[in-house]
Amino acid sequence: MTTSWIVAFDVGGTEIKAAAIADGRIAAATVGHYATRADLPAGPMAARFVDIFADILDKAGPDAVADGWGIAFPGPFDYEEGVSRIRGLGKFDSLYGLPVGRLLLEALRSDGRTSGRLTPRFRIAFENDAALFGLGETGPGGAAEGAERAVCLTIGTGLGSCFLERGRLVKRRDDVPAEGWLYTVPYQDGIADDYISRRGILQLAAGLGRNAEHLDVRELASLADAGDREALRLFERFGRRMADVLLPSLLRFQPERIVLGGQISKSAHLFVPAFREAAEPAGLHAEIRLSRDSLSSTLLGVYGLIRTAVQ
């Protein structure tokens, strides 16, 4: 029996996480983690994506076909046109200015493994990874479910964000930053992405005498959980810095809920108290919740994106 699936990709600079989804449910047997190889030339990179697409469909079953391919992709990216604007970041440079969606569609149609497995309404759609995470969190059981206004943050290699009102993305309005992206907010001698991220924590670690070359965020969090005073102080400083960087934007929007996802958010218990301590006197009283599963939320957000596109 033929089953129609949505193939969902969550693309990062080092890893692509992917799965097949039908009827709003992720098929656990199809979930895969693949090296991105973001330094490849454009042609081989498109072929790499198609290899992963074909593998996911194979996992879904010999009769599986695809209604669409949804891709959570980091910015800067023209999501409506499917054109990459990433340049000078050490990843995806070969895709700059190219119609990525068209390249991928041509590659799918010319590959014998996939050409006969696309339904007539097959579509490829792109959206920012943090936006899709946020949309997934508005669904049943999500941390943003039922919130009138919510801001969703992904904190990891970089800072991702989206602003939501009644479950819909807000990208172009006076009370939100352009596209809902906080990573470009100026701070000190850089931007928010430099400070609310892995490298921001390692920079703080270096300032406290920790050897950042040998201790990553996970090890620093483990030290803090074990009661190490310097490590505890590091995460407290990170929480206060997070407030310094983000409060002006958050106060304009006044979310009732803030949802945290991403790898660094797993250590939220170490920095959220300091963030809240700085935020509440400034007038931000949002409830802060953690995502139960950032990956599932992002993939379900991708599913919703494609279901809307093919209707």
# chains A, B, ... in the order shown; residues from 1 in each chain; ligands from 1
>>> select_by_dssp(residues="segment 30-160 of chain A", states="strand (DSSP E)", output="NGL selection string")
:A and (32-35 or 64-73 or 77-78 or 83-84 or 118-128 or 149-155 or 159-160)
>>> write_last_selection(atoms="C-alpha atoms", output="PDB file, in the first residue's frame")
ATOM      1  CA  GLY A  32      18.349   9.933  10.971  1.00  0.00           C
ATOM      2  CA  HIS A  33      21.372  12.089  11.733  1.00  0.00           C
ATOM      3  CA  TYR A  34      23.776  12.823   8.881  1.00  0.00           C
ATOM      4  CA  ALA A  35      26.957  14.853   8.485  1.00  0.00           C
ATOM      5  CA  ALA A  64       6.590   5.343   0.249  1.00  0.00           C
ATOM      6  CA  VAL A  65       6.114   8.472  -1.879  1.00  0.00           C
ATOM      7  CA  ALA A  66       6.655  12.108  -0.977  1.00  0.00           C
ATOM      8  CA  ASP A  67       4.078  14.907  -1.025  1.00  0.00           C
ATOM      9  CA  GLY A  68       6.725  17.449  -0.139  1.00  0.00           C
ATOM     10  CA  TRP A  69      10.125  18.257   1.263  1.00  0.00           C
ATOM     11  CA  GLY A  70      10.330  20.815   4.038  1.00  0.00           C
ATOM     12  CA  ILE A  71      13.703  22.192   4.996  1.00  0.00           C
ATOM     13  CA  ALA A  72      14.555  24.117   8.147  1.00  0.00           C
ATOM     14  CA  PHE A  73      17.588  26.104   7.046  1.00  0.00           C
ATOM     15  CA  PHE A  77      18.236  32.924   3.502  1.00  0.00           C
ATOM     16  CA  ASP A  78      15.442  34.114   1.211  1.00  0.00           C
ATOM     17  CA  VAL A  83      17.795  31.418  -2.349  1.00  0.00           C
ATOM     18  CA  SER A  84      20.728  31.223   0.062  1.00  0.00           C
ATOM     19  CA  LEU A 118       7.238  12.326  -5.958  1.00  0.00           C
ATOM     20  CA  THR A 119       3.477  12.896  -6.026  1.00  0.00           C
ATOM     21  CA  PRO A 120       1.957  15.376  -8.536  1.00  0.00           C
ATOM     22  CA  ARG A 121       1.555  17.976  -5.788  1.00  0.00           C
ATOM     23  CA  PHE A 122       5.131  17.608  -4.518  1.00  0.00           C
ATOM     24  CA  ARG A 123       6.602  20.872  -3.228  1.00  0.00           C
ATOM     25  CA  ILE A 124       9.853  22.014  -1.642  1.00  0.00           C
ATOM     26  CA  ALA A 125       9.602  24.755   0.985  1.00  0.00           C
ATOM     27  CA  PHE A 126      12.125  26.476   3.238  1.00  0.00           C
ATOM     28  CA  GLU A 127      11.806  28.325   6.510  1.00  0.00           C
ATOM     29  CA  ASN A 128      14.085  29.494   9.275  1.00  0.00           C
ATOM     30  CA  ARG A 149       2.135  35.926  22.567  1.00  0.00           C
ATOM     31  CA  ALA A 150       5.267  33.829  22.726  1.00  0.00           C
ATOM     32  CA  VAL A 151       8.942  34.174  21.874  1.00  0.00           C
ATOM     33  CA  CYS A 152      10.825  30.970  21.099  1.00  0.00           C
ATOM     34  CA  LEU A 153      14.606  30.916  21.381  1.00  0.00           C
ATOM     35  CA  THR A 154      17.059  28.258  20.260  1.00  0.00           C
ATOM     36  CA  ILE A 155      20.436  28.597  21.947  1.00  0.00           C
ATOM     37  CA  LEU A 159      20.985  32.226  18.607  1.00  0.00           C
ATOM     38  CA  GLY A 160      17.726  31.514  16.810  1.00  0.00           C
TER      39      GLY A 160
END
>>> select_by_dssp(residues="segment 214-292 of chain A", states="alpha helix (DSSP H)", output="PyMOL selection string")
chain A and resi 217-225+229-253+268-282
>>> residues_around(residues="Leu300 of chain A", least_positions_apart="6", cutoff="9 Å", atoms="only C-alpha atoms", output="PyMOL selection string")
chain A and resi 8+21+24-26+132-133+135-137+139
>>> write_last_selection(atoms="C-alpha atoms", output="compact mmCIF listing (two decimals), in the first residue's frame")
# COMPACT_ATOMS: atom_id res chain seq x y z
CA ALA A 8 11.51 16.94 6.88
CA ILE A 21 6.15 12.43 8.76
CA GLY A 24 1.27 14.78 12.04
CA ARG A 25 3.33 11.90 13.40
CA ILE A 26 7.07 11.39 13.02
CA LEU A 132 9.77 26.12 12.56
CA PHE A 133 10.79 25.15 16.08
CA LEU A 135 5.55 26.68 15.14
CA GLY A 136 6.06 23.12 16.33
CA GLU A 137 5.91 24.29 19.94
CA GLY A 139 1.00 22.42 18.60
>>> residues_around(residues="segment 107-111 of chain A", least_positions_apart="6", cutoff="8 Å", atoms="only C-alpha atoms", output="list of chain:residue names")
A:Ala46, A:Ala47, A:Val50
>>> write_last_selection(atoms="N, CA and C atoms", output="tab-separated table (two decimals), in the first residue's frame")
chain	number	residue	atom	x	y	z
A	46	ALA	N	24.00	19.48	-3.32
A	46	ALA	CA	22.64	19.10	-3.70
A	46	ALA	C	22.51	17.58	-3.76
A	47	ALA	N	23.54	16.92	-4.30
A	47	ALA	CA	23.52	15.46	-4.36
A	47	ALA	C	23.52	14.86	-2.96
A	50	VAL	N	20.03	14.98	-1.65
A	50	VAL	CA	19.19	13.97	-2.30
A	50	VAL	C	19.50	12.58	-1.76
>>> residues_around(residues="segment 281-297 of chain A", least_positions_apart="3", cutoff="7 Å", atoms="only C-alpha atoms", output="NGL selection string")
:A and (133 or 136-137 or 143 or 251 or 254-262 or 278 or 300-301)
>>> write_last_selection(atoms="N, CA and C atoms", output="short mmCIF file (atom, residue, chain, number, x, y, z; two decimals), in the first residue's frame")
data_model
loop_
_atom_site.label_atom_id
_atom_site.label_comp_id
_atom_site.auth_asym_id
_atom_site.auth_seq_id
_atom_site.Cartn_x
_atom_site.Cartn_y
_atom_site.Cartn_z
N PHE A 133 10.79 25.62 14.69
CA PHE A 133 10.79 25.15 16.08
C PHE A 133 9.63 25.79 16.83
N GLY A 136 6.26 24.45 15.75
CA GLY A 136 6.06 23.12 16.33
C GLY A 136 5.67 23.18 17.79
N GLU A 137 6.22 24.16 18.51
CA GLU A 137 5.91 24.29 19.94
C GLU A 137 4.51 24.82 20.19
N ALA A 143 5.34 23.66 24.26
CA ALA A 143 5.55 24.62 25.35
C ALA A 143 4.92 25.98 25.07
N LEU A 251 10.81 43.45 25.70
CA LEU A 251 9.91 44.40 26.35
C LEU A 251 8.98 45.07 25.34
N GLN A 254 6.41 42.16 24.65
CA GLN A 254 5.73 41.71 25.87
C GLN A 254 5.10 40.32 25.72
N PRO A 255 5.93 39.31 25.51
CA PRO A 255 5.38 37.95 25.44
C PRO A 255 4.88 37.48 26.80
N GLU A 256 3.88 36.64 26.78
CA GLU A 256 3.44 36.04 28.03
C GLU A 256 4.22 34.76 28.32
N ARG A 257 4.91 34.26 27.27
CA ARG A 257 5.68 33.03 27.45
C ARG A 257 6.94 33.09 26.60
N ILE A 258 8.03 32.58 27.16
CA ILE A 258 9.29 32.41 26.44
C ILE A 258 9.63 30.92 26.47
N VAL A 259 9.89 30.37 25.29
CA VAL A 259 10.20 28.94 25.18
C VAL A 259 11.65 28.79 24.76
N LEU A 260 12.38 27.97 25.48
CA LEU A 260 13.80 27.76 25.20
C LEU A 260 14.03 26.37 24.61
N GLY A 261 14.82 26.33 23.54
CA GLY A 261 15.23 25.08 22.93
C GLY A 261 16.69 25.15 22.53
N GLY A 262 17.20 24.09 21.94
CA GLY A 262 18.60 24.05 21.56
C GLY A 262 19.45 23.41 22.64
N ALA A 278 16.97 39.61 36.44
CA ALA A 278 17.18 40.88 35.76
C ALA A 278 15.94 41.32 34.99
N LEU A 300 8.07 18.81 13.27
CA LEU A 300 6.61 18.99 13.17
C LEU A 300 6.28 20.37 12.60
N GLY A 301 7.11 21.36 12.90
CA GLY A 301 6.93 22.66 12.26
C GLY A 301 7.13 22.57 10.76
#
>>> residues_around(residues="segment 194-203 of chain A", least_positions_apart="5", cutoff="9 Å", atoms="only C-alpha atoms", output="tab-separated table (two decimals) with N, CA and C atoms, in the first residue's frame")
chain	number	residue	atom	x	y	z
A	155	ILE	N	19.11	28.16	21.53
A	155	ILE	CA	20.44	28.60	21.95
A	155	ILE	C	21.38	27.42	21.80
A	156	GLY	N	22.34	27.56	20.91
A	156	GLY	CA	23.31	26.50	20.66
A	156	GLY	C	24.55	27.09	20.03
A	157	THR	N	24.90	26.60	18.85
A	157	THR	CA	26.03	27.19	18.11
A	157	THR	C	25.80	28.67	17.89
A	158	GLY	N	24.54	29.04	17.66
A	158	GLY	CA	24.16	30.44	17.53
A	158	GLY	C	22.83	30.66	18.21
A	159	LEU	N	22.27	31.85	18.01
A	159	LEU	CA	20.99	32.23	18.61
A	159	LEU	C	19.91	32.27	17.53
A	183	TYR	N	19.28	37.48	16.49
A	183	TYR	CA	20.73	37.22	16.44
A	183	TYR	C	21.53	38.42	15.94
A	187	TYR	N	25.28	44.37	20.11
A	187	TYR	CA	25.64	44.30	21.52
A	187	TYR	C	27.15	44.44	21.64
A	208	LEU	N	37.04	33.80	33.01
A	208	LEU	CA	37.06	33.34	34.40
A	208	LEU	C	38.24	32.42	34.69
A	210	ARG	N	39.00	29.65	32.98
A	210	ARG	CA	38.83	28.30	32.47
A	210	ARG	C	39.51	28.19	31.10
A	211	ASN	N	40.03	27.02	30.79
A	211	ASN	CA	40.68	26.80	29.51
A	211	ASN	C	39.62	26.37	28.50
A	212	ALA	N	39.15	27.32	27.68
A	212	ALA	CA	38.06	27.05	26.75
A	212	ALA	C	38.45	26.05	25.67
A	213	GLU	N	39.74	25.86	25.47
A	213	GLU	CA	40.17	24.90	24.46
A	213	GLU	C	39.89	23.46	24.90
A	215	LEU	N	37.52	22.73	27.68
A	215	LEU	CA	36.23	22.59	28.33
A	215	LEU	C	35.15	23.17	27.43
A	216	ASP	N	34.22	22.33	27.01
A	216	ASP	CA	33.10	22.82	26.22
A	216	ASP	C	31.91	23.08	27.15
A	217	VAL	N	30.80	23.53	26.57
A	217	VAL	CA	29.65	23.93	27.38
A	217	VAL	C	29.15	22.78	28.24
A	234	LEU	N	29.86	31.55	36.00
A	234	LEU	CA	29.86	31.70	34.55
A	234	LEU	C	28.41	31.69	34.01
A	235	PHE	N	27.61	30.71	34.42
A	235	PHE	CA	26.25	30.62	33.90
A	235	PHE	C	25.36	31.73	34.44
A	238	PHE	N	26.10	34.52	32.25
A	238	PHE	CA	25.46	34.29	30.95
A	238	PHE	C	23.98	34.68	31.01
A	241	ARG	N	23.76	38.44	31.05
A	241	ARG	CA	24.09	38.96	29.72
A	241	ARG	C	22.93	38.73	28.77
A	242	MET	N	22.30	37.59	28.87
A	242	MET	CA	21.14	37.29	28.04
A	242	MET	C	20.06	38.35	28.25
A	245	VAL	N	21.14	41.70	26.57
A	245	VAL	CA	21.06	41.67	25.10
A	245	VAL	C	19.61	41.68	24.62
A	264	ILE	N	22.12	24.32	24.41
A	264	ILE	CA	22.51	25.05	25.62
A	264	ILE	C	21.32	25.21	26.57
>>> closest_residue(among="A:Asp174, A:Asp228, A:Phe53, A:Arg168", to="Lys17 of chain A", atoms="only C-alpha atoms")
A:Phe53
>>> residues_around(residues="Ala38 of chain A", least_positions_apart="6", cutoff="7 Å", atoms="only C-alpha atoms", output="PDB file with C-alpha atoms, in the first residue's frame")
ATOM      1  CA  GLY A  13      26.244  23.576   9.851  1.00  0.00           C
ATOM      2  CA  THR A  14      27.569  20.204  11.010  1.00  0.00           C
ATOM      3  CA  LYS A  91      29.356  26.967   5.835  1.00  0.00           C
ATOM      4  CA  PHE A  92      27.199  26.751   2.701  1.00  0.00           C
TER       5      PHE A  92
END
>>> atom_distance(atom1="atom CA of Gly88 of chain A", atom2="atom CA of Gln188 of chain A")
21.3 Å
>>> closest_residue(among="A:Leu105, A:Cys162, A:Leu182, A:Tyr79", to="Leu247 of chain A", atoms="only C-alpha atoms")
A:Leu182
>>> atom_distance(atom1="atom CA of Asp10 of chain A", atom2="atom CA of Asp129 of chain A")
6.8 Å
>>> atom_distance(atom1="atom CA of Leu95 of chain A", atom2="atom CA of Pro41 of chain A")
7.8 Å
>>> closest_residue(among="A:Pro177, A:Leu223, A:Phe253, A:Lys59", to="Glu148 of chain A", atoms="only C-alpha atoms")
A:Phe253
